[in-house]
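Enquirer: Let me begin by handing over the structure; questions about it come next.
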Amino acid sequence: MKIGVLRETFPGERRVAIVPASLPALTKSGFQIVVESKAGEPAGFPDAAYRDKGAQIASRPEAAASDLVATVRNAGANSLATESIPTRSGQVQIGLCDPLSDPKAVAAIAPSGITLFALEMIPRITRAQSMDVLSSQATVTGYRAVLLAAEHLPRMFPMLMTAAGTITAARVLVIGAGVAGLQAIAIARKLGAVVHAYDVRPACREQVESLGGKFVELPIENAGAEDKGGYARAMDESFYRRQREMLGDVVATNDVAISTALVPGKKSPLLITADAVRRMAPGSVVVDLAAERGGNCELSKPDQTVIENGVTILGPTNLASGNPYHASLMFSNNLTKFLQNLAPKGELVMNLDDEIIRDTLLTREGQIVHPRIRDLLHPPAPSPAASQASSGFPNSS
């Protein structure tokens with residue numbers, strides 16, 4: 001089975017799906033690798049490095065004609081690309097597809113007859129940890145977020161005792177203790193900051209404290225805030241309103257606020273109000289990692305720098321691409337494990353009893369086969385009981 005590795009054409013995307021170090025494992029599994037010329041150069045992997053590991057260097061059409069095409073971005077995650085990914089019926093394509101936010105992009109691809117897998121849909125189970133691209137890329141994002149904040153903050157992070165006087169440590173607040181948030185906590189602590197962290201899931205306290213952070217508790221009911229996959233669950237607006245009010249006082253006392261709160265397939269919850277930003281000291285920095293999904297900060301704009309009352313608000317949308325070498329290395333390791341599970345002897349085994357394969361498969365034989373994506377495109381009609389419950393009539397309580 002031939003795997004084609006294409007150069008990314010999404011604006012600013014410097015990662016590559018498969019790096020030379022992964023080729024021996026893939027070759028041993030029975031795959032042949034065809035790499036588009038210069039596909040790895042933006043990430044620091046020249047053609048010669050691929051050739052030395054046994055890959056064939058070819059033109060884009062030649063690589064795209066492979067049995068399986070691997071990219072970092074596909075479908076909805078590739079909507080702004082300057083060049084589309086070629087398709088042919090029966091071909092397998094794998095990459096980040098953003099299907100929950102842009103199911104119409106999946107619907108547009110389905111008629112081509114390709115078998116499309118979305119790597120962000122990999123289930124959070126022990127067996128799939130080595131394939132979890134969201135976690136690996138979030139690690140890079142959290143690291144980069146702190147460096148970005150440190151670059152824009154007009155003060156240093158660590159406490160320093162010098163002959164010229166004592167410099168107090170910067171105060172950093174991390175909102176959201178997922179993978180990106182935990183990495184941000186770890187890096188901010190290594191730089192010497194005093195770090196506080198808040199997450200709607202109380203179970204995150206132990207992880208935050210293990211990294212040297214101080215967990216922020218808000219007197220607010222948060223039962224049901226975590227779904228079965230370990231992700232934050234969307235809550236009602238009254239919950240977010242109370243959360244914003246209480247977080248405002250915490251945000252105002254910090255020099256840096258890094259927000260990472262995302263709900264898969266939903267608009268990002270608004271957590272940092274304009275009023276909270278204006279109460280921060282001039283020179284403070286907000287890094288909103290959820291800006292692409294609407295933003296956790298009321299004032300953030302995707303890929304723009306906003307100055308409000310002397311506070312800098314940053315809304316980066318693709319920080320992982322800023323460290324493309326290691327981001328690609330981790331992505332490639334994840335993808336290699338996924339491919340070895342999908343095609344253990346170099347031949348595709350469509351085992352739909354395998355939760356990993358079943359949950360990541362979006363399209364096959366011209367149809368959208370993922371039930372969650374089908375429901376997003378064609379929501380099921382509500383049951384009579386549900387319709388009555390949502391009719392607006394008051395209940396007995």
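Following the order of the structure tokens, chains are lettered A, B, ..., residues in each are numbered from 1, and ligands are numbered from 1.
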Please identify which residues in region 103-335 of chain A DSSP calls strand (DSSP E or B) from the backbone, and express them as a PyMOL selection string.

Expert: chain A and resi 115-118+160-162+165-167+171-175+194-198+214-215+226+232+256-259+272+285-288+297+305-308+311-314

Enquirer: Give me, as a ChimeraX atom specification, all polymer residues having an atom no more than 7 Å from Arg60 (chain A), counting only C-alpha atoms and skipping those fewer than 4 positions away in the same chain.

Expert: /A:6,36,64

Enquirer: One number please: CA of Ala39 (chain A) to CA of Gln91 (chain A), in Å, one decimal.

Expert: 20.0 Å

Enquirer: For region 237-273 of chain A versus region 128-145 of chain A, which residues have an atom no more than 12 Å away, and what is each residue's nearest atom pair and distance in Å rounded to one decimal, using only C-alpha atoms, chain-then-number order, as a Markdown table?

Expert:
| residue | atom | partner | partner_atom | distance |
| --- | --- | --- | --- | --- |
| A:Val256 | CA | A:Ala145 | CA | 10.7 |
| A:Ala257 | CA | A:Ala145 | CA | 10.2 |
| A:Ile258 | CA | A:Ala145 | CA | 7.3 |
| A:Ser259 | CA | A:Ala145 | CA | 9.5 |
| A:Thr260 | CA | A:Gly142 | CA | 8.5 |
| A:Ala261 | CA | A:Ala138 | CA | 12.0 |
| A:Leu262 | CA | A:Ala138 | CA | 11.7 |
| A:Pro264 | CA | A:Leu134 | CA | 11.2 |

Enquirer: Please produce a file of the residues just selected, as a PDB file, in the first residue's frame, where the atoms kept are C-alpha atoms.

Expert:
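Dumped to again26.pdb:
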ATOM      1  CA  VAL A 256      -0.935  37.268  32.269  1.00  0.00           C
ATOM      2  CA  ALA A 257      -4.115  35.324  31.502  1.00  0.00           C
ATOM      3  CA  ILE A 258      -3.907  32.340  29.154  1.00  0.00           C
ATOM      4  CA  SER A 259      -7.283  30.900  28.228  1.00  0.00           C
ATOM      5  CA  THR A 260      -7.580  27.441  26.674  1.00  0.00           C
ATOM      6  CA  ALA A 261     -11.250  26.555  27.264  1.00  0.00           C
ATOM      7  CA  LEU A 262     -12.752  24.728  24.282  1.00  0.00           C
ATOM      8  CA  PRO A 264     -15.551  20.255  20.828  1.00  0.00           C
TER       9      PRO A 264
END

Enquirer: In Å to one decimal, how far is CA of Gly346 (chain A) from CA of Ala108 (chain A)?

Expert: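 It comes out at 28.7 Å.
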
Enquirer: Please list as a list in words every residue within 9 Å of Ile272 (chain A), counting only C-alpha atoms and excluding residues in the same chain fewer than 6 positions away.

Expert: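 In the requested format, the answer is Arg244, Glu245, Leu247, Gly248, Val251, Ser259, Asn296, Cys297, Glu298 and Leu299 of chain A.
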
Enquirer: May I ask for the distance between CA of Ala184 (chain A) and CA of Arg14 (chain A), given in Å to one decimal place?

Expert: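 These two atoms are separated by 22.0 Å.
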
Enquirer: Given only C-alpha atoms as the basis, pick out the residue of A:Leu289, A:Ser238, A:Leu116, A:Leu191 nearest to Ala320 (chain A).

Expert: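 Closest to Ala320 (chain A) of all the choices is A:Leu289.
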
Enquirer: Need the shell around Gln207 (chain A): protein/DNA/RNA residues with any atom at most 9 Å away, counting only C-alpha atoms. Skip same-chain ones fewer than 4 positions apart. Format as an NGL selection string?

Expert: :A and (177 or 182 or 203 or 211 or 213)

Enquirer: Which neighbours of region 30-32 of chain A fall inside 9 Å, counting only C-alpha atoms, when residues of the same chain fewer than 2 positions from it are skipped, and could you give them as a ChimeraX atom specification?

Expert: /A:1-4,23,25-28,34,54-56,343-347

Enquirer: Based on the selection just made, write C-alpha atoms of those residues as a PDB file, in the first residue's frame.

Expert:
ATOM      1  CA  MET A   1       0.000   0.000   0.000  1.00  0.00           C
ATOM      2  CA  LYS A   2       1.413   3.378  -1.026  1.00  0.00           C
ATOM      3  CA  ILE A   3       1.193   6.347   1.329  1.00  0.00           C
ATOM      4  CA  GLY A   4       1.399   9.779  -0.265  1.00  0.00           C
ATOM      5  CA  LEU A  23       9.600   5.782   7.694  1.00  0.00           C
ATOM      6  CA  ALA A  25       8.429   1.670  11.128  1.00  0.00           C
ATOM      7  CA  LEU A  26       6.027   2.252   8.241  1.00  0.00           C
ATOM      8  CA  THR A  27       8.227   0.388   5.771  1.00  0.00           C
ATOM      9  CA  LYS A  28       8.504  -2.530   8.196  1.00  0.00           C
ATOM     10  CA  VAL A  34       5.811   8.661  -1.720  1.00  0.00           C
ATOM     11  CA  GLY A  54      13.718   4.905   1.592  1.00  0.00           C
ATOM     12  CA  ALA A  55      10.959   7.264   0.451  1.00  0.00           C
ATOM     13  CA  GLN A  56      10.308   8.139  -3.168  1.00  0.00           C
ATOM     14  CA  ALA A 343      -3.443  -1.490   8.138  1.00  0.00           C
ATOM     15  CA  PRO A 344      -1.369  -3.848  10.340  1.00  0.00           C
ATOM     16  CA  LYS A 345       0.366  -5.555   7.386  1.00  0.00           C
ATOM     17  CA  GLY A 346       0.344  -2.696   4.938  1.00  0.00           C
ATOM     18  CA  GLU A 347      -3.167  -3.507   3.730  1.00  0.00           C
TER      19      GLU A 347
END

Enquirer: Got a sec: who's within 10 Å of Pro42 (chain A), counting only C-alpha atoms, leaving out chain neighbours fewer than 3 positions off, as number ranges by chain?

Expert: A: 7-8, 12-16, 38-39, 45-46, 321, 324-325

Enquirer: Would you save the residues of that selection, restricted to N, CA and C atoms, as a compact mmCIF listing (two decimals), in the first residue's frame?

Expert:
# COMPACT_ATOMS: atom_id res chain seq x y z
N ARG A 7 2.56 18.22 0.67
CA ARG A 7 2.92 19.50 1.28
C ARG A 7 1.64 20.24 1.65
N GLU A 8 1.62 20.85 2.82
CA GLU A 8 0.44 21.58 3.27
C GLU A 8 0.31 22.90 2.52
N GLY A 12 0.11 29.61 6.24
CA GLY A 12 0.88 29.61 7.48
C GLY A 12 1.14 28.23 8.06
N GLU A 13 0.63 27.16 7.44
CA GLU A 13 0.83 25.81 7.98
C GLU A 13 2.19 25.28 7.55
N ARG A 14 3.05 25.01 8.54
CA ARG A 14 4.42 24.57 8.26
C ARG A 14 4.67 23.11 8.65
N ARG A 15 3.70 22.47 9.27
CA ARG A 15 3.87 21.08 9.67
C ARG A 15 3.77 20.14 8.47
N VAL A 16 4.26 18.92 8.67
CA VAL A 16 4.12 17.86 7.67
C VAL A 16 3.60 16.62 8.39
N LYS A 38 9.62 18.67 -1.44
CA LYS A 38 9.67 19.81 -0.53
C LYS A 38 8.51 19.83 0.49
N ALA A 39 7.82 18.70 0.64
CA ALA A 39 6.71 18.65 1.61
C ALA A 39 7.17 18.91 3.03
N PHE A 45 12.60 19.29 7.38
CA PHE A 45 12.90 17.94 6.90
C PHE A 45 13.08 17.99 5.38
N PRO A 46 14.31 18.06 4.88
CA PRO A 46 14.56 18.16 3.44
C PRO A 46 14.26 16.84 2.72
N SER A 321 2.05 25.25 14.67
CA SER A 321 2.84 25.41 13.44
C SER A 321 4.06 26.30 13.66
N PRO A 324 7.28 23.85 14.04
CA PRO A 324 6.87 22.78 13.12
C PRO A 324 7.69 21.51 13.21
N TYR A 325 8.95 21.62 13.63
CA TYR A 325 9.80 20.43 13.67
C TYR A 325 9.26 19.42 14.68

Enquirer: Check the smallest atom-to-atom distance from each of A:Gly44, A:Ile94, A:Ser89, A:Ala170 to Gly113 (chain A) using only C-alpha atoms, then report the winner.

Expert: A:Ser89

Enquirer: Excluding Val72 (chain A) and residues on its chain fewer than 3 positions from it, collect all residues at most 6 Å away from it, counting only C-alpha atoms, and give them as a list in words.

Expert: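 Residues meeting the cut-off are Ala17, Gly95 and Leu96 of chain A.
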
Enquirer: Any chance you could export the current selection's N, CA and C atoms as a PDB file, in the first residue's frame?

Expert:
ATOM      1  N   ALA A  17       2.792  15.825   7.685  1.00  0.00           N
ATOM      2  CA  ALA A  17       2.092  14.711   8.331  1.00  0.00           C
ATOM      3  C   ALA A  17       3.014  13.581   8.757  1.00  0.00           C
ATOM      4  N   GLY A  95      -6.289  12.902   8.086  1.00  0.00           N
ATOM      5  CA  GLY A  95      -5.751  14.172   8.570  1.00  0.00           C
ATOM      6  C   GLY A  95      -6.698  14.781   9.581  1.00  0.00           C
ATOM      7  N   LEU A  96      -6.391  15.988  10.018  1.00  0.00           N
ATOM      8  CA  LEU A  96      -7.315  16.764  10.839  1.00  0.00           C
ATOM      9  C   LEU A  96      -8.382  17.329   9.910  1.00  0.00           C
TER      10      LEU A  96
END

Enquirer: Please identify the helix (DSSP H, G or I) residues within region 6-219 of chain A (assignment by DSSP from backbone atoms) and present them as a ChimeraX atom specification.

Expert: /A:20-28,41-43,47-52,60-64,75-78,103-112,119-121,126-131,133-152,179-190,202-210

Enquirer: Would you output that residue set with C-alpha atoms, as a compact mmCIF listing (two decimals), in the first residue's frame?

Expert:
# COMPACT_ATOMS: atom_id res chain seq x y z
CA PRO A 20 11.64 10.78 7.95
CA ALA A 21 12.10 9.19 11.40
CA SER A 22 8.74 7.40 11.01
CA LEU A 23 9.60 5.78 7.69
CA PRO A 24 11.44 2.67 9.00
CA ALA A 25 8.43 1.67 11.13
CA LEU A 26 6.03 2.25 8.24
CA THR A 27 8.23 0.39 5.77
CA LYS A 28 8.50 -2.53 8.20
CA GLU A 41 11.06 21.61 4.12
CA PRO A 42 8.93 24.14 6.08
CA ALA A 43 9.24 21.88 9.13
CA ASP A 47 13.85 15.73 0.61
CA ALA A 48 17.26 14.11 1.14
CA ALA A 49 16.25 13.04 4.66
CA TYR A 50 13.19 11.24 3.28
CA ARG A 51 15.19 9.70 0.46
CA ASP A 52 17.78 8.39 2.91
CA ARG A 60 2.25 16.51 -6.12
CA PRO A 61 0.04 14.64 -8.64
CA GLU A 62 2.17 11.50 -8.25
CA ALA A 63 2.06 11.60 -4.44
CA ALA A 64 -1.67 12.41 -4.48
CA ALA A 75 -11.80 18.96 4.83
CA GLY A 76 -12.95 21.72 7.22
CA ALA A 77 -9.47 22.15 8.68
CA ASN A 78 -8.21 22.96 5.18
CA PRO A 103 -19.70 19.13 8.74
CA LYS A 104 -20.61 20.67 5.37
CA ALA A 105 -16.98 20.29 4.28
CA VAL A 106 -17.28 16.56 4.97
CA ALA A 107 -20.53 16.46 2.99
CA ALA A 108 -18.78 18.13 0.05
CA ILE A 109 -16.04 15.48 0.04
CA ALA A 110 -18.23 12.40 0.46
CA PRO A 111 -19.44 12.16 -3.18
CA SER A 112 -15.82 11.82 -4.37
CA LEU A 119 -7.70 12.23 13.52
CA GLU A 120 -9.29 14.62 16.02
CA MET A 121 -12.10 12.08 16.48
CA THR A 126 -5.96 3.89 26.81
CA ARG A 127 -5.24 1.99 23.59
CA ALA A 128 -5.48 5.19 21.54
CA GLN A 129 -3.25 7.43 23.67
CA SER A 130 -0.29 6.97 21.32
CA MET A 131 -2.48 8.17 18.42
CA VAL A 133 -2.92 14.13 17.82
CA LEU A 134 -5.01 16.70 19.69
CA SER A 135 -3.01 16.10 22.84
CA SER A 136 0.37 16.13 21.13
CA GLN A 137 -0.35 19.36 19.26
CA ALA A 138 -1.89 20.96 22.36
CA THR A 139 1.40 20.29 24.14
CA VAL A 140 3.16 22.50 21.59
CA THR A 141 0.40 25.10 21.76
CA GLY A 142 0.60 25.43 25.54
CA TYR A 143 4.36 25.80 25.39
CA ARG A 144 4.17 28.45 22.69
CA ALA A 145 1.41 30.39 24.47
CA VAL A 146 3.63 31.09 27.48
CA LEU A 147 6.56 32.17 25.31
CA LEU A 148 4.23 34.48 23.39
CA ALA A 149 2.98 36.01 26.64
CA ALA A 150 6.54 36.43 27.96
CA GLU A 151 7.56 38.18 24.75
CA HIS A 152 4.77 40.76 25.04
CA VAL A 179 -3.27 19.36 27.78
CA ALA A 180 -2.50 22.88 26.50
CA GLY A 181 -3.33 24.42 29.87
CA LEU A 182 -1.22 21.96 31.84
CA GLN A 183 1.73 22.53 29.52
CA ALA A 184 1.29 26.30 29.92
CA ILE A 185 1.31 25.89 33.72
CA ALA A 186 4.50 23.82 33.57
CA ILE A 187 6.35 26.27 31.30
CA ALA A 188 5.22 29.37 33.21
CA ARG A 189 6.43 27.76 36.45
CA LYS A 190 9.78 26.90 34.86
CA PRO A 202 -12.67 19.90 39.91
CA ALA A 203 -10.80 16.67 39.15
CA CYS A 204 -8.08 18.82 37.53
CA ARG A 205 -6.92 20.18 40.89
CA GLU A 206 -4.45 17.36 41.48
CA GLN A 207 -2.85 17.80 38.04
CA VAL A 208 -2.52 21.56 38.48
CA GLU A 209 -0.94 21.24 41.91
CA SER A 210 1.44 18.50 40.74

Enquirer: Select, from A:Ile122, A:Ile220, A:Leu271, A:Met161, the residue with the minimum atom-to-atom distance to Val174 (chain A), counting only C-alpha atoms.

Expert: A:Leu271
